[in-house]
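Dropping work22.cif in here (mmCIF, C-alpha atoms):
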```cif
data_coords
#
loop_
_atom_site.label_atom_id
_atom_site.label_comp_id
_atom_site.auth_asym_id
_atom_site.auth_seq_id
_atom_site.Cartn_x
_atom_site.Cartn_y
_atom_site.Cartn_z
CA MET A 1 14.82 7.31 -22.60
CA THR A 2 17.35 8.28 -20.00
CA ILE A 3 17.55 6.70 -16.57
CA ARG A 4 16.52 10.03 -15.00
CA VAL A 5 13.34 10.17 -17.06
CA ARG A 6 12.65 6.50 -16.43
CA ALA A 7 13.21 7.00 -12.69
CA LEU A 8 10.59 9.75 -12.73
CA SER A 9 8.24 7.33 -14.45
CA ILE A 10 8.80 4.85 -11.62
CA ALA A 11 7.80 7.49 -9.09
CA CYS A 12 4.63 8.18 -11.02
CA LEU A 13 3.86 4.47 -11.23
CA ALA A 14 4.37 4.10 -7.50
CA GLY A 15 1.45 6.30 -6.57
CA ALA A 16 -0.55 6.21 -9.78
CA SER A 17 -4.28 6.66 -9.56
CA VAL A 18 -6.60 4.87 -11.94
CA LEU A 19 -6.69 7.90 -14.22
CA LEU A 20 -2.97 8.60 -13.72
CA ALA A 21 -4.05 12.03 -12.53
CA GLY A 22 -1.43 14.51 -11.43
CA CYS A 23 1.79 12.60 -12.00
CA GLY A 24 4.32 15.15 -10.81
CA GLU A 25 1.65 16.99 -8.83
CA ALA A 26 0.19 16.53 -5.36
CA ALA A 27 -2.72 14.54 -6.73
CA ASP A 28 -4.75 11.81 -5.06
CA SER A 29 -6.90 8.91 -6.19
CA GLY A 30 -9.84 9.53 -3.89
CA ASP A 31 -12.45 9.97 -6.61
CA ASP A 32 -10.99 7.46 -9.02
CA LYS A 33 -12.32 3.96 -9.44
CA GLY A 34 -10.09 1.89 -9.20
CA SER A 35 6.39 -4.75 7.57
CA ALA A 36 7.39 -7.52 5.77
CA PRO A 37 11.04 -8.21 6.60
CA ALA A 38 13.43 -9.25 3.86
CA GLY A 39 12.69 -12.74 2.70
CA GLY A 40 8.99 -12.05 2.54
CA THR A 41 7.34 -13.08 5.79
CA SER A 42 3.91 -11.51 6.16
CA THR A 43 3.63 -8.00 7.54
CA LYS A 44 2.42 -7.78 11.12
CA ALA A 45 1.69 -4.64 13.06
CA THR A 46 2.84 -4.76 16.66
CA PRO A 47 0.24 -2.72 18.55
CA SER A 48 -0.58 -3.09 22.22
CA PRO A 49 -2.85 -4.68 23.22
CA GLU A 50 -2.75 -7.46 20.67
CA PRO A 51 -5.64 -7.18 18.17
CA SER A 52 -7.88 -10.13 17.51
CA THR A 53 -6.30 -12.47 15.00
CA PRO A 54 -8.35 -13.42 11.93
CA PRO A 55 -7.82 -16.69 10.06
CA PRO A 56 -4.54 -16.60 8.12
CA GLY A 57 -4.75 -14.70 4.87
CA PRO A 58 -2.80 -15.36 1.68
CA GLU A 59 0.92 -15.80 2.26
CA MET A 60 2.88 -12.76 1.12
CA LYS A 61 6.45 -13.91 0.72
CA LEU A 62 8.43 -11.09 -0.83
CA PRO A 63 11.69 -11.57 -2.73
CA SER A 64 14.84 -11.17 -0.65
CA ASN A 65 15.65 -7.88 -2.43
CA LEU A 66 12.32 -6.26 -1.54
CA LYS A 67 11.20 -5.05 1.89
CA VAL A 68 8.08 -3.38 3.25
CA THR A 69 8.52 -2.00 6.75
CA PHE A 70 6.23 -0.20 9.20
CA GLU A 71 7.04 1.98 12.16
CA GLU A 72 5.58 0.51 15.35
CA THR A 73 2.36 2.25 16.43
CA PRO A 74 1.04 1.15 19.85
CA LEU A 75 -2.74 1.53 20.20
CA GLU A 76 -4.92 1.01 23.27
CA ASP A 77 -8.05 -0.11 21.43
CA ALA A 78 -7.96 -3.64 19.98
CA ASP A 79 -10.30 -2.83 17.08
CA GLU A 80 -8.20 0.17 16.10
CA ALA A 81 -5.08 -1.98 16.27
CA ALA A 82 -6.71 -4.61 14.05
CA ALA A 83 -7.85 -1.99 11.53
CA LEU A 84 -4.31 -0.62 11.38
CA ARG A 85 -2.84 -4.11 11.02
CA ASP A 86 -5.04 -4.93 8.05
CA ALA A 87 -4.57 -1.50 6.46
CA GLN A 88 -0.85 -2.21 6.54
CA LEU A 89 -1.43 -5.64 5.05
CA TYR A 90 -3.48 -4.06 2.25
CA ALA A 91 -0.61 -1.68 1.50
CA THR A 92 1.82 -4.60 1.54
CA SER A 93 -0.41 -6.57 -0.78
CA THR A 94 0.00 -3.96 -3.51
CA VAL A 95 3.77 -4.47 -3.38
CA PHE A 96 3.35 -8.24 -3.29
CA GLY A 97 1.11 -8.10 -6.37
CA ILE A 98 3.75 -6.07 -8.20
CA ALA A 99 6.38 -8.67 -7.30
CA GLU A 100 4.00 -11.39 -8.52
CA GLN A 101 3.20 -9.39 -11.67
CA ASP A 102 -0.44 -10.38 -11.16
CA PRO A 103 -3.18 -7.70 -11.07
CA LYS A 104 -5.58 -10.42 -9.90
CA SER A 105 -3.33 -11.41 -7.00
CA LYS A 106 -5.28 -12.99 -4.16
CA ALA A 107 -3.73 -10.84 -1.46
CA PRO A 108 -5.14 -7.43 -2.47
CA ARG A 109 -8.55 -8.99 -3.01
CA TYR A 110 -8.43 -10.65 0.40
CA TYR A 111 -7.79 -7.31 2.15
CA SER A 112 -10.28 -5.29 0.06
CA VAL A 113 -14.05 -5.01 0.03
CA PRO A 114 -15.09 -6.99 -3.09
CA GLY A 115 -15.75 -4.67 -6.03
CA SER A 116 -14.66 -1.60 -4.08
CA GLN A 117 -12.53 1.32 -5.20
CA ALA A 118 -9.72 -0.06 -3.01
CA GLU A 119 -9.74 -3.37 -4.86
CA GLU A 120 -9.75 -1.62 -8.23
CA TYR A 121 -6.95 0.73 -7.16
CA ALA A 122 -4.72 -2.17 -6.13
CA GLN A 123 -5.42 -4.05 -9.35
CA TYR A 124 -4.70 -0.99 -11.46
CA ARG A 125 -1.48 -0.13 -9.66
CA ILE A 126 -0.19 -3.68 -10.04
CA GLY A 127 -1.35 -3.79 -13.66
CA VAL A 128 0.62 -0.70 -14.66
CA TYR A 129 3.85 -2.27 -13.43
CA ALA A 130 3.03 -5.60 -15.07
CA GLN A 131 2.22 -3.93 -18.39
CA GLU A 132 5.59 -2.15 -18.35
CA GLY A 133 7.44 -5.32 -17.40
CA LEU A 134 8.66 -3.70 -14.19
CA THR A 135 8.96 -4.85 -10.63
CA MET A 136 10.21 -3.19 -7.43
CA VAL A 137 13.40 -3.70 -5.44
CA GLY A 138 14.62 -1.99 -2.29
CA GLU A 139 12.67 -0.91 0.79
CA ARG A 140 9.37 0.93 1.09
CA ARG A 141 9.16 2.46 4.57
CA HIS A 142 5.92 3.45 6.31
CA SER A 143 5.51 5.75 9.29
CA ARG A 144 3.23 8.24 11.10
CA ALA A 145 0.24 5.91 11.29
CA GLU A 146 -2.98 7.24 12.82
CA VAL A 147 -6.39 5.63 13.32
CA ARG A 148 -9.63 7.52 13.88
CA PRO A 149 -13.35 6.72 13.67
CA ALA A 150 -14.64 7.15 10.14
CA ASP A 151 -16.79 10.25 9.76
CA GLY A 152 -20.47 9.40 9.57
CA LYS A 153 -19.84 5.68 9.18
CA LYS A 154 -20.83 3.01 11.64
CA ASP A 155 -18.19 0.53 12.81
CA GLY A 156 -15.51 1.93 10.54
CA TYR A 157 -12.10 3.55 10.89
CA THR A 158 -9.94 5.79 8.76
CA VAL A 159 -6.29 4.82 8.80
CA THR A 160 -3.60 7.19 7.56
CA PHE A 161 0.14 6.74 7.18
CA CYS A 162 3.07 7.86 5.07
CA SER A 163 5.24 5.84 2.74
CA ASP A 164 8.75 6.77 1.65
CA GLU A 165 9.86 5.20 -1.64
CA SER A 166 13.20 6.98 -1.95
CA LYS A 167 14.93 3.64 -1.32
CA VAL A 168 12.82 1.82 -3.90
CA ALA A 169 14.02 1.20 -7.44
CA GLY A 170 12.17 -0.01 -10.46
CA LYS A 171 13.65 -3.06 -12.15
CA HIS A 172 12.98 -4.15 -15.70
CA ILE A 173 12.32 -7.88 -15.51
CA GLY A 174 13.56 -8.63 -19.00
CA SER A 175 16.83 -6.68 -19.02
CA GLY A 176 17.50 -6.54 -15.29
CA GLU A 177 18.16 -2.79 -15.56
CA THR A 178 17.27 -0.81 -12.43
CA PHE A 179 15.99 2.74 -12.17
CA PRO A 180 16.67 4.21 -8.71
CA SER A 181 14.30 6.72 -7.16
CA ASP A 182 15.39 10.22 -6.27
CA PRO A 183 15.05 11.26 -2.61
CA GLY A 184 12.69 14.08 -1.79
CA PRO A 185 8.98 14.99 -2.05
CA MET A 186 8.44 13.11 -5.31
CA ASN A 187 8.72 9.83 -3.42
CA LEU A 188 6.69 10.71 -0.32
CA TRP A 189 3.13 9.39 -0.32
CA HIS A 190 0.25 9.90 2.09
CA TRP A 191 -2.27 7.07 2.38
CA THR A 192 -5.85 7.41 3.61
CA LEU A 193 -7.66 4.08 3.89
CA ASP A 194 -11.29 3.57 4.85
CA MET A 195 -11.51 0.34 6.86
CA VAL A 196 -14.65 -1.67 7.59
CA PRO A 197 -15.12 -5.01 9.40
CA SER A 198 -15.44 -8.07 7.22
CA PRO A 199 -19.02 -9.42 7.23
CA LYS A 200 -17.69 -12.96 6.83
CA ILE A 201 -14.44 -13.26 8.78
CA ASP A 202 -14.43 -12.26 12.43
CA GLY A 203 -11.55 -9.95 13.31
CA LEU A 204 -10.63 -9.10 9.72
CA TRP A 205 -10.81 -5.49 8.52
CA LEU A 206 -11.18 -4.70 4.82
CA THR A 207 -10.11 -1.63 2.88
CA LYS A 208 -13.04 -0.01 1.12
CA LYS A 209 -11.42 3.14 -0.27
CA ALA A 210 -7.80 4.11 -0.84
CA ILE A 211 -6.65 7.69 -1.38
CA VAL A 212 -2.94 7.97 -2.15
CA LYS A 213 -1.55 11.49 -2.37
CA GLY A 214 1.78 12.08 -4.09
CA GLN A 215 4.49 14.61 -3.23
CA ALA A 216 3.16 14.59 0.32
CA SER A 217 5.83 16.71 1.97
CA ALA A 218 3.19 18.64 3.93
CA GLU A 219 1.94 15.44 5.57
CA CYS A 220 5.10 13.36 5.52
CA GLY A 221 8.09 15.66 5.14
#
```

Re-express the file's structure as structure tokens.
Amino acid sequence: MTIRVRALSIACLAGASVLLAGCGEAADSGDDKGSAPAGGTSTKATPSPEPSTPPPGPEMKLPSNLKVTFEETPLEDADEAAALRDAQLYATSTVFGIAEQDPKSKAPRYYSVPGSQAEEYAQYRIGVYAQEGLTMVGERRHSRAEVRPADGKKDGYTVTFCSDESKVAGKHIGSGETFPSDPGPMNLWHWTLDMVPSPKIDGLWLTKKAIVKGQASAECG
């Protein structure tokens, strides 16, 4: 398999739904089941005013060759800011799980509703990388975050943002070979996360559903 073909496979892995629907198409995982600086300090949104701070979650220390960054998004409402913060931490946890090579990583479970589609999506995404013996290196950049009340749902928010994986490469753990991503729509992803307050931990927001749309040039280009 050539590097070009393998690089395309990395792009498909990056936004894969549980059914691997639409790799190479603008597909999403909505009906499927299933900014940390270099050196791996935990991702923190920097909204204003400061959202309430929940008890510390699992430490997400990323390798020095892997970054997850978020564009600053000031918000006036503290609950909206907290929902955005934890949506970003959920997204970061999927990268952390890939670096750990552990589909049962504590971090995605901590930031997901137990047994939810969001938890299953994170586990599946991490599992595909682990099964292939691949990890990620480079920088995944997030931008254009928005928070709005969830339609028809009490005390919930829908958080959306874009991720750009054109500076991310897949790396085969065994051989050390890397497979760079190609810039362009193939590596633009649009995230829609349904966030609900944790019933057990005050101030913590959990992801209940994750829709990740590939080739999202319309939303993110």

Original post:
Could you spell out the hits of the PyMOL selection byres ((chain A and resi 130) around 10) on the shown file, as a VMD selection string?
Top reply: chain A and resid 97 to 103 124 to 129 131 to 135 173

Original post:
Using only C-alpha atoms, which of the listed residues (A:Gly203, A:Pro149, A:Pro58, A:Gly170) sits closest to Arg109 of chain A?
Top reply: A:Pro58

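Residues matched by the PyMOL selection byres ((chain A and resi 163) around 9) in this structure: Phe70, Arg140, Arg141, His142, Ser143, Arg144, Phe161, Cys162, Asp164, Glu165, Asn187, Leu188, Trp189, His190, Trp191 and Cys220 of chain A.
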
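You can rank A:Val159, A:Ala169, A:Ile201, A:Met186 by their closest distance to Ala81 of chain A using all atoms listed in the file, and at the top of that list sits A:Val159.
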
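Interatomic distance, atom CA of Gly221 of chain A against atom CA of Glu120 of chain A: 28.2 Å.
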
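Across the structure, atom CA of Gln123 of chain A and atom CA of Pro108 of chain A are spaced 7.7 Å apart.
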
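Remark: for Ser181 of chain A, the closest of the candidate residues A:Leu193, A:Val137, A:Leu62, A:Ala87 is A:Val137 (distances computed over all atoms listed in the file).
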
Original post:
Which is closer to Met136 of chain A than all the others in A:Val168, A:Ala78, A:Met195, A:Ala83, using only C-alpha atoms?
Top reply: A:Val168

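Evaluating the PyMOL selection byres ((chain A and resi 79) around 10) against the shown model yields Pro49, Glu50, Pro51, Ser52, Leu75, Glu76, Asp77, Ala78, Glu80, Ala81, Ala82, Ala83, Leu84, Arg85, Asp155, Gly156, Tyr157, Pro197, Gly203, Leu204 and Trp205 of chain A.
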
**OP:** Using atom CA of Phe96 of chain A and atom CA of Glu139 of chain A as the two end points, give the distance in Å to one decimal.
**Re:**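 Between atom CA of Phe96 of chain A and atom CA of Glu139 of chain A the gap is 12.5 Å.
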
Original post:
Quick one: residues within 6 Å of Val113 of chain A, only C-alpha atoms counted, chain neighbours fewer than 2 positions away excluded, as a list in words?
Top reply: Ser116, Leu206, Thr207 and Lys208 of chain A
